[in-house]
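Trainee: My structure is stored as query23.txt, with compact mmCIF, C-alpha atoms.
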# COMPACT_ATOMS: atom_id res chain seq x y z
CA MET A 15 62.73 114.94 64.34
CA THR A 16 61.45 114.07 67.78
CA LEU A 17 62.21 116.28 70.74
CA LYS A 18 64.62 113.70 72.09
CA GLU A 19 66.62 113.65 68.86
CA THR A 20 66.61 117.44 68.78
CA PHE A 21 68.17 117.37 72.21
CA LEU A 22 70.72 114.59 71.64
CA THR A 23 72.05 115.48 68.18
CA PRO A 24 73.93 118.66 69.25
CA LEU A 25 75.56 116.80 72.13
CA PHE A 26 77.36 114.19 70.02
CA LYS A 27 76.63 113.72 66.33
CA GLY A 28 76.19 117.40 65.56
CA ASN A 29 78.36 118.89 68.29
CA PRO A 30 78.85 122.60 67.56
CA ILE A 31 82.60 122.59 68.25
CA THR A 32 83.92 119.27 67.01
CA VAL A 33 81.55 118.70 64.08
CA LEU A 34 80.08 122.03 62.99
CA VAL A 35 83.24 124.01 63.98
CA LEU A 36 81.21 126.94 65.30
CA GLY A 37 81.98 129.19 68.22
CA ILE A 38 85.68 128.50 68.52
CA CYS A 39 86.31 132.24 68.65
CA SER A 40 85.41 133.19 72.18
CA SER A 41 85.65 129.77 73.76
CA LEU A 42 89.27 128.70 73.86
CA ALA A 43 90.75 131.53 75.87
CA VAL A 44 88.39 130.86 78.78
CA THR A 45 89.47 127.24 79.28
CA VAL A 46 92.52 127.91 81.44
CA THR A 47 90.44 127.33 84.57
CA LEU A 48 87.38 125.17 85.14
CA LYS A 49 85.53 128.05 86.76
CA GLY A 50 85.90 130.29 83.72
CA ALA A 51 84.79 127.47 81.44
CA LEU A 52 81.73 126.79 83.59
CA VAL A 53 80.66 130.46 83.64
CA MET A 54 81.15 130.71 79.89
CA ALA A 55 79.28 127.45 79.22
CA LEU A 56 76.31 128.53 81.34
CA SER A 57 76.18 132.00 79.76
CA VAL A 58 76.27 130.60 76.22
CA THR A 59 73.59 128.00 77.05
CA VAL A 60 71.27 130.69 78.40
CA VAL A 61 71.85 132.97 75.41
CA THR A 62 71.46 130.29 72.72
CA GLY A 63 68.35 128.85 74.38
CA LEU A 64 66.56 132.15 74.89
CA SER A 65 67.59 133.72 71.58
CA ASN A 66 66.35 130.64 69.72
CA LEU A 67 63.05 130.84 71.63
CA VAL A 68 62.55 134.58 71.03
CA LEU A 69 63.43 134.48 67.34
CA SER A 70 61.31 131.42 66.78
CA LEU A 71 58.35 133.31 68.25
CA LEU A 72 59.13 136.29 66.01
CA ARG A 73 59.96 134.27 62.90
CA LYS A 74 56.78 135.06 60.97
CA GLY A 75 56.99 138.80 61.63
CA ILE A 76 60.59 139.48 60.54
CA PRO A 77 61.12 140.63 56.94
CA ASN A 78 63.90 138.60 55.37
CA ARG A 79 66.04 141.59 54.41
CA VAL A 80 66.53 142.98 57.91
CA ARG A 81 66.71 139.70 59.77
CA ILE A 82 70.44 139.90 60.59
CA ILE A 83 69.95 143.24 62.37
CA VAL A 84 66.93 141.90 64.29
CA GLN A 85 68.91 138.83 65.32
CA LEU A 86 71.87 140.91 66.45
CA VAL A 87 69.63 143.19 68.52
CA VAL A 88 67.89 140.29 70.28
CA VAL A 89 71.19 138.51 70.96
CA ALA A 90 72.88 141.71 72.14
CA LEU A 91 70.04 142.39 74.58
CA LEU A 92 70.32 138.88 76.04
CA VAL A 93 74.10 139.20 76.34
CA ILE A 94 73.77 142.54 78.12
CA LEU A 95 71.36 140.85 80.53
CA VAL A 96 73.82 138.02 81.24
CA ASP A 97 76.69 140.47 81.61
CA GLN A 98 74.76 142.61 84.09
CA ILE A 99 73.76 139.56 86.14
CA LEU A 100 77.39 138.41 86.27
CA LYS A 101 78.48 141.90 87.32
CA SER A 102 75.89 142.02 90.10
CA ILE A 103 77.02 138.74 91.65
CA GLU A 104 80.68 139.64 91.26
CA VAL A 105 81.05 140.51 94.94
CA THR A 106 80.31 136.99 96.14
CA PHE A 107 81.59 135.24 93.02
CA PRO A 108 84.57 137.12 91.56
CA ILE A 109 85.21 136.69 87.86
CA ASP A 110 88.35 137.28 85.85
CA LYS A 111 88.41 140.63 84.05
CA GLN A 112 89.48 138.99 80.80
CA LEU A 113 86.33 136.86 80.88
CA SER A 114 84.08 139.91 80.62
CA VAL A 115 85.43 140.62 77.11
CA TYR A 116 84.58 137.09 76.07
CA ILE A 117 81.08 137.36 77.56
CA GLY A 118 80.56 140.37 75.28
CA LEU A 119 81.82 138.32 72.37
CA ILE A 120 78.95 135.84 72.76
CA ILE A 121 77.08 138.30 70.52
CA THR A 122 79.26 137.33 67.59
CA ASN A 123 79.57 133.71 68.68
CA CYS A 124 78.79 131.70 65.57
CA ILE A 125 76.81 129.10 67.53
CA VAL A 126 74.17 131.65 68.47
CA MET A 127 73.76 133.10 64.98
CA GLY A 128 74.21 129.71 63.33
CA ARG A 129 71.44 128.03 65.31
CA ILE A 130 69.07 130.95 64.79
CA GLU A 131 69.61 130.83 61.03
CA ALA A 132 69.64 127.07 60.74
CA PHE A 133 66.96 126.11 63.23
CA ALA A 134 64.94 128.78 64.98
CA LEU A 135 63.73 130.56 61.84
CA GLY A 136 62.13 127.38 60.52
CA ASN A 137 60.80 125.66 63.61
CA LYS A 138 58.25 126.02 66.40
CA PRO A 139 59.27 127.72 69.69
CA ILE A 140 59.55 124.63 71.93
CA PRO A 141 61.86 122.58 69.66
CA SER A 142 63.89 125.76 69.04
CA LEU A 143 64.35 126.30 72.77
CA ILE A 144 65.51 122.70 73.19
CA ASP A 145 67.85 122.93 70.21
CA GLY A 146 69.39 126.13 71.60
CA LEU A 147 69.88 124.70 75.08
CA ALA A 148 71.33 121.44 73.72
CA ASN A 149 73.79 123.31 71.52
CA GLY A 150 74.88 125.38 74.50
CA LEU A 151 75.37 122.19 76.49
CA GLY A 152 77.28 120.46 73.68
CA TYR A 153 79.56 123.49 73.52
CA GLY A 154 79.92 123.59 77.30
CA MET A 155 80.79 119.90 77.43
CA ILE A 156 83.84 120.35 75.19
CA LEU A 157 84.83 123.49 77.10
CA ILE A 158 84.75 121.66 80.42
CA VAL A 159 86.75 118.67 79.11
CA VAL A 160 89.44 121.02 77.75
CA ALA A 161 89.45 123.13 80.92
CA PHE A 162 89.71 119.99 83.08
CA PHE A 163 92.97 118.92 81.42
CA ARG A 164 94.39 122.42 81.21
CA GLU A 165 93.74 123.28 84.85
CA LEU A 166 94.80 119.86 86.15
CA PHE A 167 98.14 119.76 84.34
CA GLY A 168 98.75 123.49 84.05
CA SER A 169 98.13 124.52 87.64
CA GLY A 170 97.70 121.19 89.44
CA THR A 171 94.29 122.30 90.69
CA LEU A 172 90.59 121.75 89.96
CA PHE A 173 88.20 124.65 90.66
CA GLY A 174 91.13 126.28 92.46
CA LEU A 175 91.63 123.37 94.90
CA GLN A 176 95.00 121.61 94.96
CA VAL A 177 94.62 118.12 93.45
CA MET A 178 98.09 117.15 92.30
CA PRO A 179 100.44 115.98 95.09
CA ALA A 180 102.78 118.55 96.59
CA GLY A 181 105.95 118.99 94.57
CA TYR A 182 104.14 118.67 91.21
CA VAL A 183 105.94 120.86 88.69
CA THR A 184 103.26 122.72 86.72
CA ASN A 185 103.34 122.31 82.96
CA ASN A 186 103.38 125.81 81.53
CA LEU A 187 102.85 124.65 77.96
CA VAL A 188 99.31 123.57 78.88
CA ILE A 189 98.47 127.08 80.09
CA LEU A 190 99.52 128.65 76.79
CA PRO A 191 96.62 129.37 74.41
CA PRO A 192 97.81 127.17 71.49
CA PHE A 193 97.56 124.06 73.60
CA ALA A 194 93.76 124.41 73.74
CA LEU A 195 93.69 124.04 69.95
CA ILE A 196 95.85 120.93 70.05
CA LEU A 197 93.59 119.43 72.74
CA ILE A 198 90.49 120.09 70.63
CA GLY A 199 92.28 118.55 67.66
CA CYS A 200 92.79 115.43 69.76
CA ILE A 201 89.12 115.41 70.85
CA ILE A 202 88.11 115.60 67.18
CA TRP A 203 90.50 112.73 66.44
CA ILE A 204 88.92 110.52 69.12
CA HIS A 205 85.39 111.52 68.17
CA ARG A 206 85.92 110.76 64.47
CA SER A 207 87.71 107.50 65.16
CA ALA A 208 84.66 106.37 67.11
CA ASP A 209 82.14 107.65 64.56
CA LYS A 210 83.47 106.91 61.08
CA SER A 211 80.54 108.64 59.33
CA LEU A 212 81.97 112.02 60.38
CA GLN A 213 85.34 111.55 58.67
CA GLU A 214 86.19 113.87 55.80
CA LYS A 215 87.16 112.50 52.42
CA MET B 28 107.93 155.90 69.10
CA GLU B 29 104.96 154.85 71.20
CA TYR B 30 102.96 154.33 68.04
CA VAL B 31 105.63 152.05 66.57
CA SER B 32 105.78 149.89 69.67
CA LEU B 33 101.98 149.67 69.87
CA PHE B 34 101.88 148.74 66.18
CA VAL B 35 104.49 145.97 66.42
CA LYS B 36 102.97 144.72 69.66
CA SER B 37 99.48 144.41 68.23
CA ILE B 38 100.76 142.49 65.18
CA PHE B 39 103.01 139.95 66.88
CA VAL B 40 102.64 139.89 70.65
CA ASP B 41 98.88 140.44 70.94
CA ASN B 42 98.08 138.65 67.69
CA MET B 43 94.29 138.36 67.35
CA ILE B 44 94.44 134.72 66.29
CA PHE B 45 97.34 133.25 68.20
CA ALA B 46 96.98 135.11 71.47
CA TYR B 47 93.21 135.67 71.72
CA PHE B 48 91.56 133.23 69.28
CA LEU B 49 89.39 135.96 67.81
CA GLY B 50 87.79 135.46 64.42
CA MET B 51 88.49 131.74 64.57
CA CYS B 52 85.34 130.60 62.75
CA SER B 53 86.00 132.42 59.51
CA TYR B 54 89.72 131.83 60.00
CA LEU B 55 89.23 128.06 59.87
CA ALA B 56 86.48 128.11 57.25
CA VAL B 57 88.05 130.46 54.69
CA SER B 58 91.69 129.36 54.85
CA LYS B 59 91.48 126.60 52.24
CA ASN B 60 93.32 128.62 49.58
CA VAL B 61 95.54 131.66 49.59
CA LYS B 62 93.51 133.78 47.18
CA THR B 63 90.28 134.00 49.17
CA ALA B 64 92.25 134.20 52.41
CA ASN B 65 94.00 137.22 50.98
CA GLY B 66 90.70 138.93 50.12
CA LEU B 67 89.11 138.28 53.49
CA GLY B 68 92.23 139.39 55.33
CA LEU B 69 92.31 142.71 53.49
CA ALA B 70 88.60 143.26 54.14
CA VAL B 71 89.12 142.62 57.86
CA ILE B 72 92.00 145.12 58.02
CA PHE B 73 89.82 147.73 56.31
CA VAL B 74 86.74 147.22 58.49
CA LEU B 75 88.79 147.15 61.71
CA LEU B 76 90.62 150.32 60.71
CA CYS B 77 87.33 152.15 60.13
CA THR B 78 85.13 150.87 62.96
CA LEU B 79 87.62 150.88 65.82
CA PRO B 80 88.33 154.65 65.85
CA LEU B 81 84.57 155.27 65.43
CA ASN B 82 83.83 153.09 68.43
CA TYR B 83 86.65 154.79 70.31
CA LEU B 84 84.97 158.17 69.86
CA LEU B 85 81.61 156.67 70.78
CA ASN B 86 83.12 155.21 73.93
CA LYS B 87 84.90 158.40 74.89
CA TYR B 88 82.07 160.87 74.30
CA VAL B 89 78.93 158.80 74.96
CA LEU B 90 79.47 155.57 76.84
CA GLN B 91 82.18 155.99 79.49
CA PRO B 92 81.16 156.97 83.00
CA GLY B 93 81.06 160.76 82.94
CA ALA B 94 81.56 160.87 79.16
CA LEU B 95 78.45 162.97 78.65
CA SER B 96 79.74 165.88 80.72
CA TRP B 97 80.28 167.91 77.51
CA LEU B 98 76.48 168.18 77.38
CA GLY B 99 76.36 170.06 80.67
CA GLY B 100 76.90 169.52 84.38
CA GLN B 101 73.79 167.47 85.03
CA PHE B 102 75.01 164.69 82.72
CA ALA B 103 78.40 164.29 84.44
CA GLU B 104 77.17 161.35 86.51
CA VAL B 105 75.63 159.34 83.69
CA ASP B 106 77.21 155.95 83.01
CA LEU B 107 76.01 154.31 79.80
CA SER B 108 78.74 151.67 79.59
CA PHE B 109 76.18 148.84 79.83
CA LEU B 110 75.01 149.87 76.35
CA SER B 111 78.43 149.39 74.77
CA PHE B 112 77.84 145.91 73.28
CA ILE B 113 74.71 146.93 71.44
CA LEU B 114 76.12 150.24 70.18
CA PHE B 115 79.41 148.71 69.03
CA ILE B 116 77.70 145.92 67.13
CA ALA B 117 75.28 148.43 65.59
CA VAL B 118 78.18 150.58 64.35
CA ILE B 119 79.93 147.51 62.94
CA ALA B 120 76.83 146.10 61.24
CA ALA B 121 75.92 149.48 59.76
CA PHE B 122 79.46 150.05 58.55
CA VAL B 123 79.75 146.63 56.95
CA GLN B 124 76.45 147.24 55.16
CA LEU B 125 77.79 150.58 53.90
CA VAL B 126 81.07 149.08 52.69
CA GLU B 127 79.14 146.35 50.92
CA MET B 128 77.01 148.87 49.04
CA VAL B 129 79.99 151.06 48.09
CA VAL B 130 82.08 148.12 46.92
CA GLU B 131 79.17 146.69 44.94
CA ARG B 132 78.58 150.03 43.20
CA TYR B 133 82.16 151.07 42.41
CA LEU B 134 84.31 147.92 42.50
CA PRO B 135 82.12 145.11 41.14
CA SER B 136 85.08 142.79 40.45
CA LEU B 137 86.27 142.94 44.07
CA TYR B 138 82.68 142.50 45.20
CA SER B 139 82.21 139.27 43.30
CA SER B 140 85.54 137.86 44.47
CA LEU B 141 84.74 138.54 48.14
CA GLY B 142 81.18 137.29 47.81
CA ILE B 143 79.60 136.03 51.01
CA PHE B 144 82.59 136.95 53.19
CA LEU B 145 81.89 140.65 53.14
CA PRO B 146 78.56 140.54 55.03
CA LEU B 147 79.98 137.84 57.31
CA ILE B 148 82.62 140.26 58.61
CA ALA B 149 79.84 141.86 60.70
CA VAL B 150 79.79 138.76 62.88
CA ASN B 151 83.56 138.22 62.88
CA CYS B 152 84.62 138.24 66.52
CA ALA B 153 87.93 139.91 65.66
CA ILE B 154 86.09 143.14 64.80
CA LEU B 155 83.90 143.33 67.91
CA GLY B 156 86.78 141.94 69.98
CA GLY B 157 89.03 144.76 68.77
CA SER B 158 86.50 147.30 70.01
CA LEU B 159 86.06 145.57 73.36
CA PHE B 160 89.81 145.35 73.93
CA MET B 161 90.10 149.00 72.95
CA GLN B 162 87.60 149.80 75.71
CA GLN B 163 89.72 147.87 78.22
CA LYS B 164 93.07 149.30 77.12
CA ASP B 165 92.05 152.93 77.63
CA PHE B 166 93.91 154.55 74.74
CA ALA B 167 94.93 158.18 75.11
CA ASN B 168 93.69 159.43 71.74
CA VAL B 169 92.06 158.44 68.48
CA GLY B 170 95.43 157.99 66.74
CA GLU B 171 96.46 155.24 69.13
CA SER B 172 93.21 153.37 68.58
CA ALA B 173 93.69 153.60 64.80
CA VAL B 174 97.25 152.26 65.07
CA TYR B 175 96.00 149.43 67.26
CA ALA B 176 93.27 148.65 64.70
CA LEU B 177 95.74 148.59 61.82
CA GLY B 178 98.18 146.42 63.76
CA SER B 179 95.65 143.83 64.85
CA GLY B 180 94.16 143.77 61.35
CA ILE B 181 97.56 143.07 59.83
CA GLY B 182 98.18 140.42 62.47
CA TRP B 183 94.95 138.67 61.49
CA TYR B 184 95.79 138.97 57.79
CA LEU B 185 99.24 137.49 58.34
CA ALA B 186 97.81 134.57 60.30
CA ILE B 187 95.14 133.65 57.73
CA VAL B 188 97.50 133.86 54.74
CA LEU B 189 100.09 131.72 56.54
CA LEU B 190 97.54 129.04 57.43
CA ALA B 191 96.08 129.04 53.92
CA ALA B 192 99.54 128.49 52.44
CA ILE B 193 100.19 125.58 54.80
CA ARG B 194 96.80 124.00 54.06
CA GLU B 195 97.40 124.20 50.32
CA LYS B 196 100.57 122.15 50.77
CA MET B 197 98.96 119.84 53.29
CA ALA B 198 96.46 118.61 50.71
CA TYR B 199 99.23 116.37 49.37
CA SER B 200 100.25 114.82 52.66
CA ASN B 201 99.08 111.58 54.18
CA VAL B 202 97.03 112.50 57.24
CA PRO B 203 95.34 109.82 59.41
CA LYS B 204 91.71 109.52 58.34
CA PRO B 205 89.94 110.76 61.49
CA LEU B 206 92.22 113.80 61.61
CA LYS B 207 91.73 114.78 57.98
CA GLY B 208 90.33 118.24 57.31
CA ILE B 209 89.44 120.16 60.42
CA GLY B 210 91.30 118.02 62.96
CA ILE B 211 94.75 118.49 61.51
CA THR B 212 93.97 122.17 60.93
CA PHE B 213 93.38 122.66 64.65
CA ILE B 214 96.69 121.03 65.49
CA THR B 215 98.50 123.07 62.83
CA VAL B 216 97.08 126.31 64.22
CA GLY B 217 98.17 125.20 67.69
CA LEU B 218 101.73 124.60 66.48
CA MET B 219 101.77 127.94 64.65
CA GLY B 220 100.61 129.55 67.89
CA ILE B 221 103.52 128.00 69.75
CA ALA B 222 105.86 129.38 67.09
CA PHE B 223 104.32 132.84 67.60
CA MET B 224 105.05 132.50 71.33
CA ILE B 225 108.64 133.56 70.63
CA PHE B 226 107.35 137.12 70.49
CA MET B 227 105.91 136.85 73.99
CA GLY B 228 107.49 139.03 76.63
CA ILE B 229 109.14 141.36 74.14
CA SER B 230 108.82 144.89 75.44
CA LEU B 231 109.48 147.73 73.09
Do you think you could lay out the structure here as structure tokens?

Mentor:
Amino acid sequence: MTLKETFLTPLFKGNPITVLVLGICSSLAVTVTLKGALVMALSVTVVTGLSNLVLSLLRKGIPNRVRIIVQLVVVALLVILVDQILKSIEVTFPIDKQLSVYIGLIITNCIVMGRIEAFALGNKPIPSLIDGLANGLGYGMILIVVAFFRELFGSGTLFGLQVMPAGYVTNNLVILPPFALILIGCIIWIHRSADKSLQEK
Amino acid sequence: MEYVSLFVKSIFVDNMIFAYFLGMCSYLAVSKNVKTANGLGLAVIFVLLCTLPLNYLLNKYVLQPGALSWLGGQFAEVDLSFLSFILFIAVIAAFVQLVEMVVERYLPSLYSSLGIFLPLIAVNCAILGGSLFMQQKDFANVGESAVYALGSGIGWYLAIVLLAAIREKMAYSNVPKPLKGIGITFITVGLMGIAFMIFMGISL
């Protein structure tokens, strides 16, 4: 695969959420607001990119039997780093308390572990870095689409700014967690209608 | 009485799947039939019940700000809470490894029926999520954390068995082609979540 294909596949044809169904766990609860989705998307992109790079550099030195522990340690270190950076800029850029739990959960996010197992352990560092970043972006893309609809119809705002005309009655159903699942179901529907090769038998 | 309300609350109101989306990956992947869903659900209850109180003690006596004061006055200021992710995941991974070895040695039939799902529990977000929520909720003692673990484990078990039962029936229905498989599963889980919303706002 060329570098360009490595970059483009995770965005559409091999999107981690709609096609591989990875990383649903910690993603849906953060899509109530666009800001939360953006922070989460950036954090996951950084962690997948760097963990893929580090483990690809280490891939020849890790004994097969203990590789899960090594992966968890590397990923946990990167997540701690991201968490500390977010905490240090909290004064100028306040973040929801609930979000901090989900930042911690990036450790067990299946995208991170999945890409390390499926890609980084068998490829050179540079393609691994690109694959990690692209998977983070593909994940972030879906997050931002979902958050856009949920914030627009649920609170009538975008990034906290009022967009809907005054007198708009907010739709509380959209704010509820289950609606995120239904929205993703619809995204999968559209995606698979457009690309018939992805349909299940 | 407090224990009962915490227990009921963690099963229905704060359901791991329908309120927090934790453990979604294995939830969607393993819910194709009731039998395996049953096995995985029980394993999750067990691992949660064992790791959460352990992590509670770890948090209380090692990680919290000032937790090390039992070592002597000069440690009263130490705050190790930034280490909590790595220590929690280490406890969980070690424990899952231990359970795997014990089950393989003494219960080989259960071991073969659980198969790959047992080691995968280490990276199930519901387990780590339980510990992280425990840290946020500030329980008063180890008993409360154990009750919370049992409740959220049972909540997860209930959710996966319910979905597996629905998916078994759904195999016979006529779903639009692009929605088949994972798409309709997402929408079903969403609708089940809305049904679970009836428990919202109940205070015991």

Trainee: With only C-alpha atoms considered, list every residue of chain A at most 6 Å from chain B, as a list in words.

Mentor: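 Applying the cut-off to the listed atoms yields Ile38, Cys39, Ala90, Thr122, Pro192, Leu195, Ile196, Gly199, Ile202, Trp203, Arg206, Ser207 and Gln213 of chain A.
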
Trainee: In Å to one decimal, how far is CA of Lys49 in chain A from CA of Val160 in chain A?

Mentor: 12.1 Å

Trainee: Can you tell me which residues surround Tyr182 in chain A at a distance of at most 10 Å, considering only C-alpha atoms, apart from same-chain residues fewer than 5 positions away, and format the answer as a PyMOL selection string?

Mentor: chain A and resi 167+169-170+177

Trainee: Figure out the distance between CA of Lys101 in chain A and CA of Val40 in chain B, please, to one decimal in Å.

Mentor: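 For CA of Val40 in chain B relative to CA of Lys101 in chain A, the distance reads 29.4 Å.
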
Trainee: What separation in Å, quoted to one decimal, exists between CA of Ile158 in chain A and CA of Ala132 in chain A?

Mentor: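 Computing it gives 25.4 Å between the two atoms.
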
Trainee: Would you kindly identify which residues have an atom no farther than 12 Å from (80.9, 119.1, 63.4), using only C-alpha atoms and the file's own coordinates, and write them out as a PyMOL selection string?

Mentor: (chain A and resi 23-38+125+149+152-153+201-203+205-206+209+211-214) or (chain B and resi 208-210)

Trainee: Please produce an output containing C-alpha atoms for each residue in the selection, written as a PDB file, keeping the file's coordinate frame.

Mentor:
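Writing the result to again-v8.pdb gives the following:
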ATOM      1  CA  THR A  23      72.050 115.480  68.180  1.00  0.00           C
ATOM      2  CA  PRO A  24      73.930 118.660  69.250  1.00  0.00           C
ATOM      3  CA  LEU A  25      75.560 116.800  72.130  1.00  0.00           C
ATOM      4  CA  PHE A  26      77.360 114.190  70.020  1.00  0.00           C
ATOM      5  CA  LYS A  27      76.630 113.720  66.330  1.00  0.00           C
ATOM      6  CA  GLY A  28      76.190 117.400  65.560  1.00  0.00           C
ATOM      7  CA  ASN A  29      78.360 118.890  68.290  1.00  0.00           C
ATOM      8  CA  PRO A  30      78.850 122.600  67.560  1.00  0.00           C
ATOM      9  CA  ILE A  31      82.600 122.590  68.250  1.00  0.00           C
ATOM     10  CA  THR A  32      83.920 119.270  67.010  1.00  0.00           C
ATOM     11  CA  VAL A  33      81.550 118.700  64.080  1.00  0.00           C
ATOM     12  CA  LEU A  34      80.080 122.030  62.990  1.00  0.00           C
ATOM     13  CA  VAL A  35      83.240 124.010  63.980  1.00  0.00           C
ATOM     14  CA  LEU A  36      81.210 126.940  65.300  1.00  0.00           C
ATOM     15  CA  GLY A  37      81.980 129.190  68.220  1.00  0.00           C
ATOM     16  CA  ILE A  38      85.680 128.500  68.520  1.00  0.00           C
ATOM     17  CA  ILE A 125      76.810 129.100  67.530  1.00  0.00           C
ATOM     18  CA  ASN A 149      73.790 123.310  71.520  1.00  0.00           C
ATOM     19  CA  GLY A 152      77.280 120.460  73.680  1.00  0.00           C
ATOM     20  CA  TYR A 153      79.560 123.490  73.520  1.00  0.00           C
ATOM     21  CA  ILE A 201      89.120 115.410  70.850  1.00  0.00           C
ATOM     22  CA  ILE A 202      88.110 115.600  67.180  1.00  0.00           C
ATOM     23  CA  TRP A 203      90.500 112.730  66.440  1.00  0.00           C
ATOM     24  CA  HIS A 205      85.390 111.520  68.170  1.00  0.00           C
ATOM     25  CA  ARG A 206      85.920 110.760  64.470  1.00  0.00           C
ATOM     26  CA  ASP A 209      82.140 107.650  64.560  1.00  0.00           C
ATOM     27  CA  SER A 211      80.540 108.640  59.330  1.00  0.00           C
ATOM     28  CA  LEU A 212      81.970 112.020  60.380  1.00  0.00           C
ATOM     29  CA  GLN A 213      85.340 111.550  58.670  1.00  0.00           C
ATOM     30  CA  GLU A 214      86.190 113.870  55.800  1.00  0.00           C
TER      31      GLU A 214
ATOM     32  CA  GLY B 208      90.330 118.240  57.310  1.00  0.00           C
ATOM     33  CA  ILE B 209      89.440 120.160  60.420  1.00  0.00           C
ATOM     34  CA  GLY B 210      91.300 118.020  62.960  1.00  0.00           C
TER      35      GLY B 210
END

Trainee: Return the single residue from A:Arg73, A:Arg164, A:Arg81, A:Lys210 that is closest to Val188 in chain A, with distances computed using all atoms listed in the file.

Mentor: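 When distances to Val188 in chain A are compared using all atoms listed in the file, the smallest one comes from A:Arg164.
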